[in-house]
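Engineer: Structure supplied as my_file.csv; contents: CSV, C-alpha atoms.
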```csv
chain,number,residue,atom,x,y,z
A,24,MET,CA,-14.3,-11.7,-41.0
A,25,TYR,CA,-16.3,-9.3,-38.7
A,26,PRO,CA,-17.6,-6.1,-40.3
A,27,LYS,CA,-16.2,-3.2,-38.3
A,28,PHE,CA,-19.6,-2.2,-36.8
A,29,LEU,CA,-19.9,-5.7,-35.3
A,30,ARG,CA,-16.5,-5.7,-33.7
A,31,MET,CA,-17.6,-5.0,-30.2
A,32,PHE,CA,-15.4,-6.1,-27.4
A,33,SER,CA,-16.0,-7.6,-24.0
A,34,LEU,CA,-14.3,-6.4,-20.9
A,35,SER,CA,-12.0,-9.4,-21.0
A,36,GLU,CA,-11.1,-8.8,-24.6
A,37,GLU,CA,-10.4,-5.1,-23.9
A,38,ASN,CA,-8.1,-6.1,-21.1
A,39,TYR,CA,-6.1,-8.4,-23.4
A,40,LEU,CA,-5.8,-5.7,-26.0
A,41,LYS,CA,-4.5,-3.3,-23.4
A,42,ALA,CA,-2.0,-5.8,-22.1
A,43,ILE,CA,-0.7,-6.5,-25.6
A,44,TYR,CA,-0.5,-2.8,-26.3
A,45,HIS,CA,1.6,-2.2,-23.2
A,46,LEU,CA,3.9,-5.1,-24.0
A,47,GLU,CA,4.4,-3.9,-27.5
A,48,ILE,CA,5.6,-0.5,-26.3
A,49,ILE,CA,8.6,-2.2,-24.6
A,50,SER,CA,9.3,-4.8,-27.2
A,51,ASN,CA,10.4,-4.7,-30.8
A,52,LYS,CA,9.1,-8.2,-31.6
A,53,GLY,CA,5.9,-10.2,-31.4
A,54,ILE,CA,4.5,-10.8,-27.9
A,55,SER,CA,4.6,-14.4,-26.6
A,56,THR,CA,1.7,-16.2,-25.1
A,57,ASN,CA,3.6,-16.6,-21.9
A,58,ALA,CA,4.3,-12.9,-21.7
A,59,ILE,CA,0.6,-12.1,-22.0
A,60,ALA,CA,-0.3,-14.7,-19.4
A,61,GLU,CA,2.2,-13.2,-17.0
A,62,LYS,CA,1.0,-9.7,-17.6
A,63,LEU,CA,-2.6,-10.7,-17.0
A,64,GLU,CA,-1.8,-13.3,-14.3
A,65,THR,CA,-3.7,-16.0,-16.1
A,66,LYS,CA,-3.0,-19.4,-17.8
A,67,ALA,CA,-1.3,-19.7,-21.1
A,68,SER,CA,-4.2,-21.9,-22.3
A,69,SER,CA,-6.6,-19.1,-21.6
A,70,VAL,CA,-4.4,-16.7,-23.6
A,71,SER,CA,-4.5,-19.2,-26.5
A,72,ASP,CA,-8.3,-19.2,-26.5
A,73,MET,CA,-8.4,-15.4,-26.5
A,74,ILE,CA,-5.9,-15.1,-29.3
A,75,LYS,CA,-8.2,-17.1,-31.5
A,76,LYS,CA,-11.1,-14.7,-30.7
A,77,LEU,CA,-9.1,-11.6,-31.2
A,78,SER,CA,-7.6,-12.9,-34.5
A,79,GLU,CA,-11.1,-13.4,-35.8
A,80,LYS,CA,-11.9,-9.8,-35.0
A,81,GLU,CA,-8.8,-8.7,-36.9
A,82,VAL,CA,-7.3,-6.8,-34.0
A,83,ILE,CA,-4.3,-9.0,-33.7
A,84,ILE,CA,-2.1,-11.1,-35.9
A,85,TYR,CA,-0.6,-14.3,-34.5
A,86,LYS,CA,2.3,-16.1,-36.1
A,87,LYS,CA,3.7,-19.3,-34.6
A,88,TYR,CA,7.1,-18.9,-33.1
A,89,GLN,CA,6.8,-15.1,-33.7
A,90,GLY,CA,4.0,-14.2,-31.3
A,91,VAL,CA,1.2,-11.7,-31.3
A,92,THR,CA,1.2,-8.2,-32.8
A,93,LEU,CA,-1.7,-5.7,-32.9
A,94,THR,CA,-3.1,-4.7,-36.3
A,95,ASP,CA,-3.6,-1.0,-37.0
A,96,PHE,CA,-7.2,-1.3,-35.9
A,97,GLY,CA,-6.1,-3.2,-32.8
A,98,LYS,CA,-3.6,-0.5,-31.9
A,99,LYS,CA,-6.2,2.2,-32.2
A,100,THR,CA,-8.7,0.2,-30.2
A,101,ALA,CA,-6.2,-0.5,-27.4
A,102,ALA,CA,-4.9,3.1,-27.4
A,103,ASN,CA,-8.5,4.2,-26.9
A,104,ILE,CA,-8.9,2.0,-23.8
A,105,VAL,CA,-5.6,3.4,-22.4
A,106,ARG,CA,-6.8,6.9,-23.2
A,107,LYS,CA,-10.0,6.4,-21.3
A,108,HIS,CA,-8.1,4.9,-18.3
A,109,ARG,CA,-5.6,7.7,-18.0
A,110,LEU,CA,-8.2,10.5,-18.5
A,111,TRP,CA,-10.3,9.0,-15.7
A,112,GLU,CA,-7.2,8.9,-13.5
A,113,VAL,CA,-6.7,12.6,-14.1
A,114,PHE,CA,-10.4,13.3,-13.3
A,115,LEU,CA,-10.2,11.3,-10.1
A,116,VAL,CA,-7.1,13.1,-8.8
A,117,GLU,CA,-7.9,16.6,-10.0
A,118,LYS,CA,-11.6,16.7,-9.5
A,119,LEU,CA,-12.5,14.2,-6.8
A,120,ASN,CA,-9.4,14.5,-4.7
A,121,PHE,CA,-8.3,10.8,-5.0
A,122,SER,CA,-4.6,10.3,-4.3
A,123,TRP,CA,-2.4,8.9,-7.1
A,124,ASP,CA,-2.2,5.5,-5.4
A,125,GLU,CA,-6.0,5.1,-5.3
A,126,VAL,CA,-7.0,5.7,-8.9
A,127,HIS,CA,-5.8,2.7,-10.8
A,128,ASP,CA,-8.4,0.2,-9.7
A,129,VAL,CA,-11.3,2.7,-10.2
A,130,ALA,CA,-10.0,3.7,-13.6
A,131,GLU,CA,-9.8,0.0,-14.5
A,132,GLN,CA,-13.6,-0.1,-14.2
A,133,LEU,CA,-14.3,3.2,-15.8
A,134,GLU,CA,-12.2,2.6,-18.9
A,135,HIS,CA,-14.8,0.1,-20.3
A,136,ILE,CA,-17.5,2.8,-20.7
A,137,LYS,CA,-18.3,2.9,-24.4
A,138,SER,CA,-19.6,6.4,-24.9
A,139,PRO,CA,-17.2,8.4,-27.2
A,140,LYS,CA,-19.1,11.6,-26.5
A,141,LEU,CA,-18.5,11.2,-22.7
A,142,ILE,CA,-14.7,10.7,-23.2
A,143,HIS,CA,-14.5,13.7,-25.6
A,144,GLU,CA,-16.3,15.9,-23.1
A,145,LEU,CA,-14.2,14.5,-20.2
A,146,ASP,CA,-11.0,15.4,-22.1
A,147,ALA,CA,-12.3,18.9,-22.8
A,148,PHE,CA,-13.5,19.4,-19.2
A,149,LEU,CA,-10.0,18.5,-17.9
A,150,GLY,CA,-8.3,20.9,-20.3
A,151,PHE,CA,-6.9,18.2,-22.7
A,152,PRO,CA,-4.2,16.8,-20.4
A,153,SER,CA,-1.2,15.3,-21.9
A,154,HIS,CA,-0.2,13.0,-19.0
A,155,ASP,CA,-1.9,11.1,-16.3
A,156,PRO,CA,-1.1,11.5,-12.5
A,157,HIS,CA,1.7,8.9,-12.8
A,158,GLY,CA,3.4,10.7,-15.7
A,159,ASP,CA,2.2,8.4,-18.4
A,160,PRO,CA,1.3,10.0,-21.7
A,161,ILE,CA,-2.4,10.1,-22.7
A,162,PRO,CA,-3.1,8.9,-26.3
A,163,ASP,CA,-5.0,11.4,-28.4
A,164,ASN,CA,-8.4,10.7,-30.1
A,165,ASP,CA,-6.6,9.0,-33.0
A,166,GLY,CA,-4.5,6.8,-30.8
A,167,ASN,CA,-1.3,8.7,-31.2
A,168,LEU,CA,1.0,8.6,-28.2
A,169,LYS,CA,3.5,11.4,-27.6
A,170,VAL,CA,6.3,9.8,-25.6
A,171,LEU,CA,8.4,12.0,-23.3
A,172,GLU,CA,12.1,11.6,-23.3
A,173,LYS,CA,13.1,10.4,-19.8
A,174,SER,CA,15.7,8.4,-17.9
A,175,LEU,CA,15.7,6.2,-14.8
A,176,LEU,CA,17.0,7.9,-11.7
A,177,ALA,CA,19.5,5.0,-11.4
A,178,THR,CA,21.2,6.1,-14.6
A,179,LEU,CA,22.1,9.6,-13.3
A,180,SER,CA,25.7,10.2,-12.3
A,181,LYS,CA,27.0,12.0,-9.2
A,182,ASN,CA,26.0,15.7,-9.2
A,183,GLU,CA,23.5,15.2,-12.0
A,184,SER,CA,19.9,16.4,-11.6
A,185,GLY,CA,16.6,15.5,-13.1
A,186,VAL,CA,12.9,16.4,-12.6
A,187,CYS,CA,10.7,13.5,-11.6
A,188,VAL,CA,8.3,12.9,-14.5
A,189,GLY,CA,7.0,9.4,-13.9
A,190,VAL,CA,7.1,6.0,-12.3
A,191,LYS,CA,7.8,2.6,-13.7
A,192,ASP,CA,6.1,0.9,-10.9
A,193,SER,CA,2.6,2.3,-10.3
A,194,SER,CA,1.6,-0.1,-7.5
A,195,ALA,CA,-0.2,1.5,-4.5
A,196,GLU,CA,2.6,0.3,-2.2
A,197,PHE,CA,5.3,2.1,-4.2
A,198,LEU,CA,3.3,5.3,-4.7
A,199,GLN,CA,2.6,5.4,-0.9
A,200,TYR,CA,6.3,5.0,-0.2
A,201,LEU,CA,7.1,7.9,-2.5
A,202,ASP,CA,4.5,10.0,-0.7
A,203,LYS,CA,6.2,9.3,2.6
A,204,LYS,CA,9.5,10.4,1.2
A,205,GLY,CA,8.1,13.5,-0.4
A,206,ILE,CA,8.9,12.4,-3.9
A,207,THR,CA,6.2,13.6,-6.4
A,208,LEU,CA,6.1,14.5,-10.0
A,209,GLY,CA,7.7,17.9,-10.8
A,210,LYS,CA,10.3,17.6,-7.9
A,211,GLU,CA,13.9,18.0,-8.8
A,212,LEU,CA,16.2,15.2,-7.7
A,213,THR,CA,20.0,15.7,-7.5
A,214,VAL,CA,22.4,12.7,-7.0
A,215,LEU,CA,24.8,13.5,-4.2
A,216,GLU,CA,26.5,10.1,-3.9
A,217,LYS,CA,26.3,6.7,-5.6
A,218,GLU,CA,27.4,3.6,-3.8
A,219,ASP,CA,29.4,1.1,-5.8
A,220,PHE,CA,28.5,-1.8,-3.5
A,221,ASP,CA,24.7,-1.8,-4.0
A,222,ASP,CA,24.0,1.1,-6.4
A,223,SER,CA,22.0,2.9,-3.8
A,224,LEU,CA,21.9,6.7,-4.0
A,225,SER,CA,22.0,9.7,-1.8
A,226,ILE,CA,19.9,12.4,-3.3
A,227,GLN,CA,18.8,15.9,-2.6
A,228,ILE,CA,15.1,16.9,-2.8
A,229,ASP,CA,13.6,20.1,-1.5
A,230,GLY,CA,17.0,20.9,0.1
A,231,LYS,CA,17.0,17.7,2.1
A,232,LYS,CA,19.2,14.7,1.8
A,233,LEU,CA,17.6,11.3,1.2
A,234,SER,CA,18.9,7.8,0.8
A,235,VAL,CA,17.2,5.6,-1.8
A,236,SER,CA,17.8,2.0,-2.8
A,237,ASN,CA,18.6,0.8,-6.3
A,238,LYS,CA,15.1,-0.7,-6.4
A,239,ILE,CA,13.6,2.8,-5.9
A,240,ALA,CA,16.0,4.4,-8.4
A,241,THR,CA,15.2,1.9,-11.1
A,242,ASN,CA,11.5,2.7,-10.8
A,243,LEU,CA,11.6,6.5,-11.0
A,244,TYR,CA,11.7,8.4,-14.2
A,245,VAL,CA,13.4,11.8,-14.5
A,246,LYS,CA,13.9,14.3,-17.2
A,247,LYS,CA,17.4,15.8,-17.3
```
Can you turn what I pasted into structure tokens?
Structural biologist:
Amino acid sequence: MYPKFLRMFSLSEENYLKAIYHLEIISNKGISTNAIAEKLETKASSVSDMIKKLSEKEVIIYKKYQGVTLTDFGKKTAANIVRKHRLWEVFLVEKLNFSWDEVHDVAEQLEHIKSPKLIHELDAFLGFPSHDPHGDPIPDNDGNLKVLEKSLLATLSKNESGVCVGVKDSSAEFLQYLDKKGITLGKELTVLEKEDFDDSLSIQIDGKKLSVSNKIATNLYVKK
């Protein structure tokens, strides 16, 4: 058992914790080794080695055939990493004029800075934001996450409207596509038509008609 003050984490360990944290949000059961390997684009054998290390540090619990779950300490540690990542994304967009498709990779580097004071001051400097530039909620200092009620654009029926509040796919390619189409957070989207053949949509945004594929509609979050 590691005393809490000795439970420092490497960059790789933090990336694993963050990956498990994200997977737990969308799953009601333990996370499999294969799911972690796919998330991190690595080998299952590498995941198994890391599971042993993280278990020793008491941030995860692994049960054969049931998978991995984060301990309370593990959840708070992972949430803190996510918090730093999303605060840095806000800083990069709001203060340094980065576009929302540029910030992820830079924030991936900045999230590993260890200074609690820096992050506290960053949060205050930004005015205590609740969401990052992609609409994802920012955990508070205690690791609590306020999840916004939202639906996928694809679930809206004809003549229903919703305000764009987030993206499921935060890849640079997808965000650049949305920029070209003028789809940004805060814009109201109204479904004009829904095609039975391929579930594509005809929507209205800023008074203009726009056709979007089902792939786009299943990666955009709206609040009705």
Engineer: Which residue, A:Phe32, A:Tyr88, A:Trp111, A:Phe96, has the smallest gap to Ile161 (chain A) when you use all atoms listed in the file?
Structural biologist: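 Of A:Phe32, A:Tyr88, A:Trp111, A:Phe96, the one nearest Ile161 (chain A), counting all atoms listed in the file, is A:Trp111.
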Engineer: Could you check which of A:Lys66, A:Lys232, A:His127, A:Lys41 is closest to Ile83 (chain A), using all atoms listed in the file?
Structural biologist: A:Lys41
Engineer: Which one of A:Val129, A:Ser68, A:Lys75, A:Gly166 sits closest to Val116 (chain A) if you count only C-alpha atoms?
Structural biologist: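 Result for the nearest residue to Val116 (chain A): A:Val129.
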Engineer: Calculate how many Å separate CA of Asn103 (chain A) from CA of Lys246 (chain A), rounding to one decimal.
Structural biologist: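 Distance between the two atoms: 26.4 Å.
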Engineer: Rank nothing, just name the residue among A:Glu36, A:Glu131, A:Asp219, A:Asp163 nearest to Asp146 (chain A), using only C-alpha atoms.
Structural biologist: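 Comparing A:Glu36, A:Glu131, A:Asp219, A:Asp163 against Asp146 (chain A), the winner is A:Asp163.
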Engineer: If we count all atoms listed in the file, what is near Leu224 (chain A) at a cut-off of 7 Å, once residues fewer than 5 positions away on the same chain are taken out, given as a PyMOL selection string?
Structural biologist: chain A and resi 214+216-218+234-236
Engineer: Between CA of Arg106 (chain A) and CA of Lys137 (chain A), what is the spacing in Å?
Structural biologist: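 Separating CA of Lys137 (chain A) from CA of Arg106 (chain A) is a distance of 12.2 Å.
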Engineer: If I take CA of Val70 (chain A) and CA of Arg109 (chain A), how far is one from the other in Å, to one decimal?
Structural biologist: 25.1 Å
